[in-house]
>>> print(open('upload-v7.pdb').read())   # PDB, C-alpha atoms, pLDDT in the B column
ATOM      1  CA  GLU A   5     -25.474 -37.302 -26.740  1.00 54.00           C
ATOM      2  CA  GLY A   6     -25.649 -35.171 -29.810  1.00 58.00           C
ATOM      3  CA  LEU A   7     -24.467 -32.069 -27.983  1.00 58.00           C
ATOM      4  CA  PRO A   8     -21.327 -30.430 -29.315  1.00 60.00           C
ATOM      5  CA  GLU A   9     -18.384 -30.486 -26.964  1.00 61.00           C
ATOM      6  CA  VAL A  10     -17.615 -27.097 -25.564  1.00 56.00           C
ATOM      7  CA  ASP A  11     -13.976 -26.159 -25.254  1.00 54.00           C
ATOM      8  CA  PRO A  12     -13.574 -24.686 -21.789  1.00 56.00           C
ATOM      9  CA  THR A  13     -12.083 -21.237 -21.977  1.00 51.00           C
ATOM     10  CA  PRO A  14      -8.871 -21.352 -19.997  1.00 54.00           C
ATOM     11  CA  ALA A  15      -9.014 -19.007 -17.030  1.00 62.00           C
ATOM     12  CA  VAL A  16      -6.315 -16.366 -17.101  1.00 70.00           C
ATOM     13  CA  LEU A  17      -4.404 -16.725 -13.849  1.00 81.00           C
ATOM     14  CA  SER A  18      -2.553 -13.842 -12.299  1.00 85.00           C
ATOM     15  CA  GLN A  19       1.227 -14.231 -12.508  1.00 86.00           C
ATOM     16  CA  ALA A  20       3.966 -12.779 -10.326  1.00 84.00           C
ATOM     17  CA  VAL A  21       5.172  -9.515 -11.831  1.00 89.00           C
ATOM     18  CA  GLY A  22       8.800  -8.597 -11.203  1.00 88.00           C
ATOM     19  CA  ALA A  23      10.963  -9.758  -8.324  1.00 89.00           C
ATOM     20  CA  VAL A  24      10.831  -8.499  -4.739  1.00 90.00           C
ATOM     21  CA  GLY A  25      12.587  -5.116  -4.687  1.00 91.00           C
ATOM     22  CA  ASP A  26      12.033  -4.389  -8.396  1.00 92.00           C
ATOM     23  CA  LYS A  27      10.539  -1.064  -9.417  1.00 94.00           C
ATOM     24  CA  LEU A  28       7.579  -1.440 -11.777  1.00 92.00           C
ATOM     25  CA  ASP A  29       5.609   0.822 -14.068  1.00 93.00           C
ATOM     26  CA  VAL A  30       2.022  -0.223 -13.390  1.00 92.00           C
ATOM     27  CA  SER A  31      -1.013   0.525 -15.544  1.00 93.00           C
ATOM     28  CA  ALA A  32      -4.131  -1.132 -14.162  1.00 93.00           C
ATOM     29  CA  THR A  33      -7.810  -0.788 -13.276  1.00 93.00           C
ATOM     30  CA  VAL A  34      -8.920  -0.499  -9.657  1.00 93.00           C
ATOM     31  CA  ILE A  35     -11.255  -3.449  -9.003  1.00 93.00           C
ATOM     32  CA  TYR A  36     -11.617  -2.852  -5.251  1.00 92.00           C
ATOM     33  CA  SER A  37     -10.982   0.205  -3.132  1.00 92.00           C
ATOM     34  CA  LYS A  38     -11.527   0.856   0.574  1.00 93.00           C
ATOM     35  CA  ALA A  39     -10.573   3.850   2.687  1.00 91.00           C
ATOM     36  CA  SER A  40     -10.229   3.814   6.471  1.00 90.00           C
ATOM     37  CA  SER A  41      -9.652   6.654   8.885  1.00 87.00           C
ATOM     38  CA  PHE A  42      -8.400   6.355  12.417  1.00 82.00           C
ATOM     39  CA  ARG A  43      -7.525   8.760  15.187  1.00 84.00           C
ATOM     40  CA  VAL A  44      -3.810   8.957  15.968  1.00 79.00           C
ATOM     41  CA  SER A  45      -4.243  11.419  18.815  1.00 84.00           C
ATOM     42  CA  TYR A  46      -6.946  13.732  20.105  1.00 84.00           C
ATOM     43  CA  SER A  47      -6.568  16.200  17.228  1.00 85.00           C
ATOM     44  CA  VAL A  48      -4.920  14.102  14.510  1.00 84.00           C
ATOM     45  CA  THR A  49      -6.572  11.569  12.223  1.00 84.00           C
ATOM     46  CA  SER A  50      -4.890   9.465   9.578  1.00 86.00           C
ATOM     47  CA  SER A  51      -6.189   7.635   6.525  1.00 87.00           C
ATOM     48  CA  SER A  52      -5.270   4.261   5.107  1.00 92.00           C
ATOM     49  CA  TYR A  53      -6.232   2.902   1.696  1.00 93.00           C
ATOM     50  CA  PHE A  54      -6.537  -0.660   0.420  1.00 94.00           C
ATOM     51  CA  HIS A  55      -6.657  -1.311  -3.326  1.00 94.00           C
ATOM     52  CA  ILE A  56      -6.802  -4.354  -5.547  1.00 94.00           C
ATOM     53  CA  LEU A  57      -5.908  -3.703  -9.167  1.00 94.00           C
ATOM     54  CA  LYS A  58      -5.919  -5.744 -12.373  1.00 93.00           C
ATOM     55  CA  ASP A  59      -3.799  -5.039 -15.447  1.00 93.00           C
ATOM     56  CA  GLU A  60      -4.627  -5.784 -19.089  1.00 92.00           C
ATOM     57  CA  ASN A  61      -2.834  -9.161 -18.858  1.00 90.00           C
ATOM     58  CA  GLY A  62      -5.042 -10.304 -15.967  1.00 89.00           C
ATOM     59  CA  ASN A  63      -2.336  -9.873 -13.305  1.00 92.00           C
ATOM     60  CA  ILE A  64      -3.575  -8.834  -9.862  1.00 93.00           C
ATOM     61  CA  TYR A  65      -1.842  -6.250  -7.665  1.00 94.00           C
ATOM     62  CA  LYS A  66      -2.527  -5.338  -4.045  1.00 95.00           C
ATOM     63  CA  TYR A  67      -1.595  -2.117  -2.269  1.00 95.00           C
ATOM     64  CA  LYS A  68      -2.254  -0.950   1.290  1.00 94.00           C
ATOM     65  CA  GLY A  69      -0.912   2.361   2.509  1.00 93.00           C
ATOM     66  CA  SER A  70      -1.410   6.095   2.819  1.00 90.00           C
ATOM     67  CA  THR A  71      -1.699   6.895  -0.909  1.00 91.00           C
ATOM     68  CA  CYS A  72      -5.111   6.823  -2.584  1.00 90.00           C
ATOM     69  CA  LEU A  73      -4.765   5.290  -6.046  1.00 91.00           C
ATOM     70  CA  GLY A  74      -8.354   5.902  -7.151  1.00 88.00           C
ATOM     71  CA  GLU A  75     -11.940   4.729  -6.865  1.00 90.00           C
ATOM     72  CA  GLN A  76     -13.278   1.404  -8.084  1.00 90.00           C
ATOM     73  CA  GLY A  77     -13.368   1.345 -11.894  1.00 91.00           C
ATOM     74  CA  ALA A  78     -10.686   4.015 -12.340  1.00 91.00           C
ATOM     75  CA  THR A  79      -7.625   3.358 -14.501  1.00 93.00           C
ATOM     76  CA  VAL A  80      -4.351   4.295 -12.833  1.00 93.00           C
ATOM     77  CA  THR A  81      -0.700   4.477 -13.841  1.00 93.00           C
ATOM     78  CA  PHE A  82       2.151   4.785 -11.373  1.00 93.00           C
ATOM     79  CA  LYS A  83       5.585   3.516 -10.358  1.00 94.00           C
ATOM     80  CA  ALA A  84       5.887   1.208  -7.339  1.00 94.00           C
ATOM     81  CA  THR A  85       8.222  -1.278  -5.693  1.00 94.00           C
ATOM     82  CA  VAL A  86       7.382  -4.983  -5.418  1.00 94.00           C
ATOM     83  CA  LYS A  87       7.012  -5.776  -1.719  1.00 94.00           C
ATOM     84  CA  ALA A  88       6.082  -9.477  -1.969  1.00 93.00           C
ATOM     85  CA  HIS A  89       4.204 -12.137  -3.912  1.00 92.00           C
ATOM     86  CA  GLU A  90       1.243 -13.914  -2.311  1.00 91.00           C
ATOM     87  CA  GLU A  91      -0.928 -16.847  -3.283  1.00 88.00           C
ATOM     88  CA  GLY A  92      -4.075 -15.630  -5.002  1.00 81.00           C
ATOM     89  CA  ARG A  93      -7.671 -16.635  -4.477  1.00 81.00           C
ATOM     90  CA  ASP A  94      -7.606 -19.062  -7.418  1.00 77.00           C
ATOM     91  CA  ALA A  95      -5.335 -22.098  -7.237  1.00 74.00           C
ATOM     92  CA  GLY A  96      -2.131 -21.341  -9.105  1.00 79.00           C
ATOM     93  CA  SER A  97      -2.583 -17.578  -9.221  1.00 85.00           C
ATOM     94  CA  VAL A  98      -0.138 -15.122  -7.653  1.00 90.00           C
ATOM     95  CA  VAL A  99      -0.846 -11.603  -6.358  1.00 92.00           C
ATOM     96  CA  THR A 100       1.906  -8.993  -6.571  1.00 93.00           C
ATOM     97  CA  VAL A 101       1.986  -6.819  -3.428  1.00 94.00           C
ATOM     98  CA  LEU A 102       3.169  -3.256  -4.045  1.00 94.00           C
ATOM     99  CA  LYS A 103       4.585  -0.517  -1.840  1.00 93.00           C
ATOM    100  CA  ALA A 104       5.582   3.134  -2.216  1.00 91.00           C
ATOM    101  CA  PRO A 105       3.544   4.203  -5.271  1.00 91.00           C
ATOM    102  CA  LYS A 106       4.900   7.347  -6.932  1.00 90.00           C
ATOM    103  CA  ASN A 107       3.673   9.609  -9.749  1.00 89.00           C
ATOM    104  CA  VAL A 108       0.096   8.334  -9.526  1.00 83.00           C
ATOM    105  CA  VAL A 109      -2.108   9.400 -12.458  1.00 84.00           C
ATOM    106  CA  THR A 110      -5.782   8.473 -12.110  1.00 80.00           C
ATOM    107  CA  ASN A 111      -8.288   8.432 -14.965  1.00 82.00           C
ATOM    108  CA  PRO A 112     -11.787   8.230 -13.452  1.00 75.00           C
ATOM    109  CA  LYS A 113     -14.159   5.558 -14.653  1.00 68.00           C
ATOM    110  CA  ASP A 114     -16.342   6.497 -17.584  1.00 58.00           C
TER     111      ASP A 114
END
>>> encode(input="upload-v7.pdb", output="structure tokens")
Amino acid sequence: EGLPEVDPTPAVLSQAVGAVGDKLDVSATVIYSKASSFRVSYSVTSSSYFHILKDENGNIYKYKGSTCLGEQGATVTFKATVKAHEEGRDAGSVVTVLKAPKNVVTNPKD
């Protein structure tokens, strides 16, 4: 009693961006980045990258493929195609899965 009521700040949930097959212009910050290398044959190795990005509106994007978008904390802009929408970690949030990023411009973290 006597304590002021605190208005809970509504959590910003990630929304689906675009429809499957749409081409998007994405500007976001890399919040997770992981690189993996594997041997294809005796003399050939290949790399795969996994990125989770967040835009200024709080929307989450996921990309896995052969293009490195940047290190954690970097701001990136690029064009990509929407591959799918998946349920996010938080109830009610949606993650936009991207494929085929083109024209990637990376601004390293400060």
>>> closest_residue(input="upload-v7.pdb", among="A:Leu57, A:Val24, A:Leu102, A:Val48", to="Glu75 (chain A)", atoms="only C-alpha atoms")
A:Leu57
>>> resolve_selection(input="upload-v7.pdb", expression="the PyMOL selection byres ((chain A and resi 22) around 12)", output="list in words")
Gln19, Ala20, Val21, Ala23, Val24, Gly25, Asp26, Lys27, Leu28, Asp29, Val30, Asn63, Tyr65, Ala84, Thr85, Val86, Lys87, Ala88, His89, Val98, Val99, Thr100, Val101 and Leu102 of chain A
>>> write_last_selection(input="upload-v7.pdb", atoms="C-alpha atoms", output="PDB file, in the coordinates of the input")
ATOM      1  CA  GLN A  19       1.227 -14.231 -12.508  1.00 86.00           C
ATOM      2  CA  ALA A  20       3.966 -12.779 -10.326  1.00 84.00           C
ATOM      3  CA  VAL A  21       5.172  -9.515 -11.831  1.00 89.00           C
ATOM      4  CA  ALA A  23      10.963  -9.758  -8.324  1.00 89.00           C
ATOM      5  CA  VAL A  24      10.831  -8.499  -4.739  1.00 90.00           C
ATOM      6  CA  GLY A  25      12.587  -5.116  -4.687  1.00 91.00           C
ATOM      7  CA  ASP A  26      12.033  -4.389  -8.396  1.00 92.00           C
ATOM      8  CA  LYS A  27      10.539  -1.064  -9.417  1.00 94.00           C
ATOM      9  CA  LEU A  28       7.579  -1.440 -11.777  1.00 92.00           C
ATOM     10  CA  ASP A  29       5.609   0.822 -14.068  1.00 93.00           C
ATOM     11  CA  VAL A  30       2.022  -0.223 -13.390  1.00 92.00           C
ATOM     12  CA  ASN A  63      -2.336  -9.873 -13.305  1.00 92.00           C
ATOM     13  CA  TYR A  65      -1.842  -6.250  -7.665  1.00 94.00           C
ATOM     14  CA  ALA A  84       5.887   1.208  -7.339  1.00 94.00           C
ATOM     15  CA  THR A  85       8.222  -1.278  -5.693  1.00 94.00           C
ATOM     16  CA  VAL A  86       7.382  -4.983  -5.418  1.00 94.00           C
ATOM     17  CA  LYS A  87       7.012  -5.776  -1.719  1.00 94.00           C
ATOM     18  CA  ALA A  88       6.082  -9.477  -1.969  1.00 93.00           C
ATOM     19  CA  HIS A  89       4.204 -12.137  -3.912  1.00 92.00           C
ATOM     20  CA  VAL A  98      -0.138 -15.122  -7.653  1.00 90.00           C
ATOM     21  CA  VAL A  99      -0.846 -11.603  -6.358  1.00 92.00           C
ATOM     22  CA  THR A 100       1.906  -8.993  -6.571  1.00 93.00           C
ATOM     23  CA  VAL A 101       1.986  -6.819  -3.428  1.00 94.00           C
ATOM     24  CA  LEU A 102       3.169  -3.256  -4.045  1.00 94.00           C
TER      25      LEU A 102
END
>>> closest_residue(input="upload-v7.pdb", among="A:Ser47, A:Asn107, A:Ser18, A:Ser37", to="Gly77 (chain A)", atoms="only C-alpha atoms")
A:Ser37
>>> atom_distance(input="upload-v7.pdb", atom1="CA of Arg43 (chain A)", atom2="CA of His55 (chain A)")
21.1 Å
>>> closest_residue(input="upload-v7.pdb", among="A:Glu90, A:Gly74, A:Phe42, A:Gly96", to="Val108 (chain A)", atoms="only C-alpha atoms")
A:Gly74
>>> resolve_selection(input="upload-v7.pdb", expression="the PyMOL selection byres ((chain A and resi 72) around 12)", output="count of residues only")
31
>>> closest_residue(input="upload-v7.pdb", among="A:Lys66, A:Lys58, A:Lys83, A:Asp94", to="Ala32 (chain A)", atoms="all atoms listed in the file")
A:Lys58
>>> atom_distance(input="upload-v7.pdb", atom1="CA of Ser31 (chain A)", atom2="CA of Ile64 (chain A)")
11.2 Å
>>> atom_distance(input="upload-v7.pdb", atom1="CA of Gly62 (chain A)", atom2="CA of Gly92 (chain A)")
12.2 Å
>>> axis_aligned_box(input="upload-v7.pdb", around="region 53-63 of chain A", padding_each_side="3 Å", output="JSON")
{"center_x": -4.6, "center_y": -3.7, "center_z": -8.7, "size_x": 10.5, "size_y": 19.2, "size_z": 26.8}
>>> build_atoms(input="upload-v7.pdb", residues="region 66-90 of chain A", atoms="N, CA, C and O atoms", output="PDB file, in the frame of the given file")
ATOM      1  N   LYS A  66      -1.915  -5.760  -5.296  1.00 95.00           N
ATOM      2  CA  LYS A  66      -2.527  -5.338  -4.045  1.00 95.00           C
ATOM      3  C   LYS A  66      -1.657  -4.242  -3.440  1.00 95.00           C
ATOM      4  O   LYS A  66      -0.433  -4.334  -3.463  1.00 95.00           O
ATOM      5  N   TYR A  67      -2.320  -3.204  -2.924  1.00 95.00           N
ATOM      6  CA  TYR A  67      -1.595  -2.117  -2.269  1.00 95.00           C
ATOM      7  C   TYR A  67      -2.374  -1.677  -1.036  1.00 95.00           C
ATOM      8  O   TYR A  67      -3.585  -1.494  -1.087  1.00 95.00           O
ATOM      9  N   LYS A  68      -1.674  -1.509   0.076  1.00 94.00           N
ATOM     10  CA  LYS A  68      -2.254  -0.950   1.290  1.00 94.00           C
ATOM     11  C   LYS A  68      -1.278   0.086   1.817  1.00 94.00           C
ATOM     12  O   LYS A  68      -0.103  -0.205   2.017  1.00 94.00           O
ATOM     13  N   GLY A  69      -1.779   1.309   2.005  1.00 93.00           N
ATOM     14  CA  GLY A  69      -0.912   2.361   2.509  1.00 93.00           C
ATOM     15  C   GLY A  69      -1.624   3.691   2.559  1.00 93.00           C
ATOM     16  O   GLY A  69      -2.848   3.768   2.505  1.00 93.00           O
ATOM     17  N   SER A  70      -0.853   4.762   2.623  1.00 90.00           N
ATOM     18  CA  SER A  70      -1.410   6.095   2.819  1.00 90.00           C
ATOM     19  C   SER A  70      -1.719   6.837   1.525  1.00 90.00           C
ATOM     20  O   SER A  70      -2.232   7.951   1.563  1.00 90.00           O
ATOM     21  N   THR A  71      -1.439   6.245   0.371  1.00 91.00           N
ATOM     22  CA  THR A  71      -1.699   6.895  -0.909  1.00 91.00           C
ATOM     23  C   THR A  71      -2.976   6.342  -1.526  1.00 91.00           C
ATOM     24  O   THR A  71      -3.123   5.132  -1.675  1.00 91.00           O
ATOM     25  N   CYS A  72      -3.888   7.240  -1.899  1.00 90.00           N
ATOM     26  CA  CYS A  72      -5.111   6.823  -2.584  1.00 90.00           C
ATOM     27  C   CYS A  72      -4.808   6.697  -4.073  1.00 90.00           C
ATOM     28  O   CYS A  72      -4.343   7.649  -4.700  1.00 90.00           O
ATOM     29  N   LEU A  73      -5.039   5.521  -4.626  1.00 91.00           N
ATOM     30  CA  LEU A  73      -4.765   5.290  -6.046  1.00 91.00           C
ATOM     31  C   LEU A  73      -5.962   5.626  -6.929  1.00 91.00           C
ATOM     32  O   LEU A  73      -5.798   5.881  -8.111  1.00 91.00           O
ATOM     33  N   GLY A  74      -7.163   5.584  -6.372  1.00 88.00           N
ATOM     34  CA  GLY A  74      -8.354   5.902  -7.151  1.00 88.00           C
ATOM     35  C   GLY A  74      -9.541   5.083  -6.684  1.00 88.00           C
ATOM     36  O   GLY A  74      -9.408   4.161  -5.880  1.00 88.00           O
ATOM     37  N   GLU A  75     -10.708   5.421  -7.215  1.00 90.00           N
ATOM     38  CA  GLU A  75     -11.940   4.729  -6.865  1.00 90.00           C
ATOM     39  C   GLU A  75     -12.122   3.502  -7.744  1.00 90.00           C
ATOM     40  O   GLU A  75     -11.489   3.380  -8.788  1.00 90.00           O
ATOM     41  N   GLN A  76     -13.004   2.620  -7.329  1.00 90.00           N
ATOM     42  CA  GLN A  76     -13.278   1.404  -8.084  1.00 90.00           C
ATOM     43  C   GLN A  76     -13.690   1.765  -9.504  1.00 90.00           C
ATOM     44  O   GLN A  76     -14.515   2.638  -9.724  1.00 90.00           O
ATOM     45  N   GLY A  77     -13.080   1.097 -10.486  1.00 91.00           N
ATOM     46  CA  GLY A  77     -13.368   1.345 -11.894  1.00 91.00           C
ATOM     47  C   GLY A  77     -12.409   2.309 -12.559  1.00 91.00           C
ATOM     48  O   GLY A  77     -12.359   2.393 -13.782  1.00 91.00           O
ATOM     49  N   ALA A  78     -11.632   3.053 -11.781  1.00 91.00           N
ATOM     50  CA  ALA A  78     -10.686   4.015 -12.340  1.00 91.00           C
ATOM     51  C   ALA A  78      -9.461   3.292 -12.895  1.00 91.00           C
ATOM     52  O   ALA A  78      -9.063   2.249 -12.404  1.00 91.00           O
ATOM     53  N   THR A  79      -8.874   3.869 -13.939  1.00 93.00           N
ATOM     54  CA  THR A  79      -7.625   3.358 -14.501  1.00 93.00           C
ATOM     55  C   THR A  79      -6.502   4.222 -13.951  1.00 93.00           C
ATOM     56  O   THR A  79      -6.596   5.443 -13.965  1.00 93.00           O
ATOM     57  N   VAL A  80      -5.463   3.561 -13.438  1.00 93.00           N
ATOM     58  CA  VAL A  80      -4.351   4.295 -12.833  1.00 93.00           C
ATOM     59  C   VAL A  80      -3.018   3.856 -13.428  1.00 93.00           C
ATOM     60  O   VAL A  80      -2.861   2.713 -13.853  1.00 93.00           O
ATOM     61  N   THR A  81      -2.079   4.787 -13.464  1.00 93.00           N
ATOM     62  CA  THR A  81      -0.700   4.477 -13.841  1.00 93.00           C
ATOM     63  C   THR A  81       0.196   5.076 -12.764  1.00 93.00           C
ATOM     64  O   THR A  81      -0.065   6.174 -12.279  1.00 93.00           O
ATOM     65  N   PHE A  82       1.230   4.328 -12.406  1.00 93.00           N
ATOM     66  CA  PHE A  82       2.151   4.785 -11.373  1.00 93.00           C
ATOM     67  C   PHE A  82       3.387   3.894 -11.360  1.00 93.00           C
ATOM     68  O   PHE A  82       3.426   2.860 -12.005  1.00 93.00           O
ATOM     69  N   LYS A  83       4.388   4.313 -10.607  1.00 94.00           N
ATOM     70  CA  LYS A  83       5.585   3.516 -10.358  1.00 94.00           C
ATOM     71  C   LYS A  83       5.496   3.010  -8.933  1.00 94.00           C
ATOM     72  O   LYS A  83       5.039   3.730  -8.047  1.00 94.00           O
ATOM     73  N   ALA A  84       5.915   1.775  -8.695  1.00 94.00           N
ATOM     74  CA  ALA A  84       5.887   1.208  -7.339  1.00 94.00           C
ATOM     75  C   ALA A  84       6.955   0.134  -7.225  1.00 94.00           C
ATOM     76  O   ALA A  84       7.479  -0.358  -8.219  1.00 94.00           O
ATOM     77  N   THR A  85       7.249  -0.237  -5.989  1.00 94.00           N
ATOM     78  CA  THR A  85       8.222  -1.278  -5.693  1.00 94.00           C
ATOM     79  C   THR A  85       7.485  -2.551  -5.304  1.00 94.00           C
ATOM     80  O   THR A  85       6.484  -2.496  -4.591  1.00 94.00           O
ATOM     81  N   VAL A  86       7.981  -3.697  -5.782  1.00 94.00           N
ATOM     82  CA  VAL A  86       7.382  -4.983  -5.418  1.00 94.00           C
ATOM     83  C   VAL A  86       7.781  -5.304  -3.979  1.00 94.00           C
ATOM     84  O   VAL A  86       8.964  -5.387  -3.657  1.00 94.00           O
ATOM     85  N   LYS A  87       6.780  -5.475  -3.131  1.00 94.00           N
ATOM     86  CA  LYS A  87       7.012  -5.776  -1.719  1.00 94.00           C
ATOM     87  C   LYS A  87       7.047  -7.281  -1.485  1.00 94.00           C
ATOM     88  O   LYS A  87       7.854  -7.779  -0.694  1.00 94.00           O
ATOM     89  N   ALA A  88       6.169  -8.023  -2.160  1.00 93.00           N
ATOM     90  CA  ALA A  88       6.082  -9.477  -1.969  1.00 93.00           C
ATOM     91  C   ALA A  88       5.185 -10.074  -3.047  1.00 93.00           C
ATOM     92  O   ALA A  88       4.564  -9.346  -3.828  1.00 93.00           O
ATOM     93  N   HIS A  89       5.152 -11.395  -3.072  1.00 92.00           N
ATOM     94  CA  HIS A  89       4.204 -12.137  -3.912  1.00 92.00           C
ATOM     95  C   HIS A  89       3.427 -13.056  -2.977  1.00 92.00           C
ATOM     96  O   HIS A  89       4.009 -13.707  -2.117  1.00 92.00           O
ATOM     97  N   GLU A  90       2.102 -13.085  -3.151  1.00 91.00           N
ATOM     98  CA  GLU A  90       1.243 -13.914  -2.311  1.00 91.00           C
ATOM     99  C   GLU A  90       0.408 -14.839  -3.180  1.00 91.00           C
ATOM    100  O   GLU A  90       0.135 -14.529  -4.337  1.00 91.00           O
TER     101      GLU A  90
END
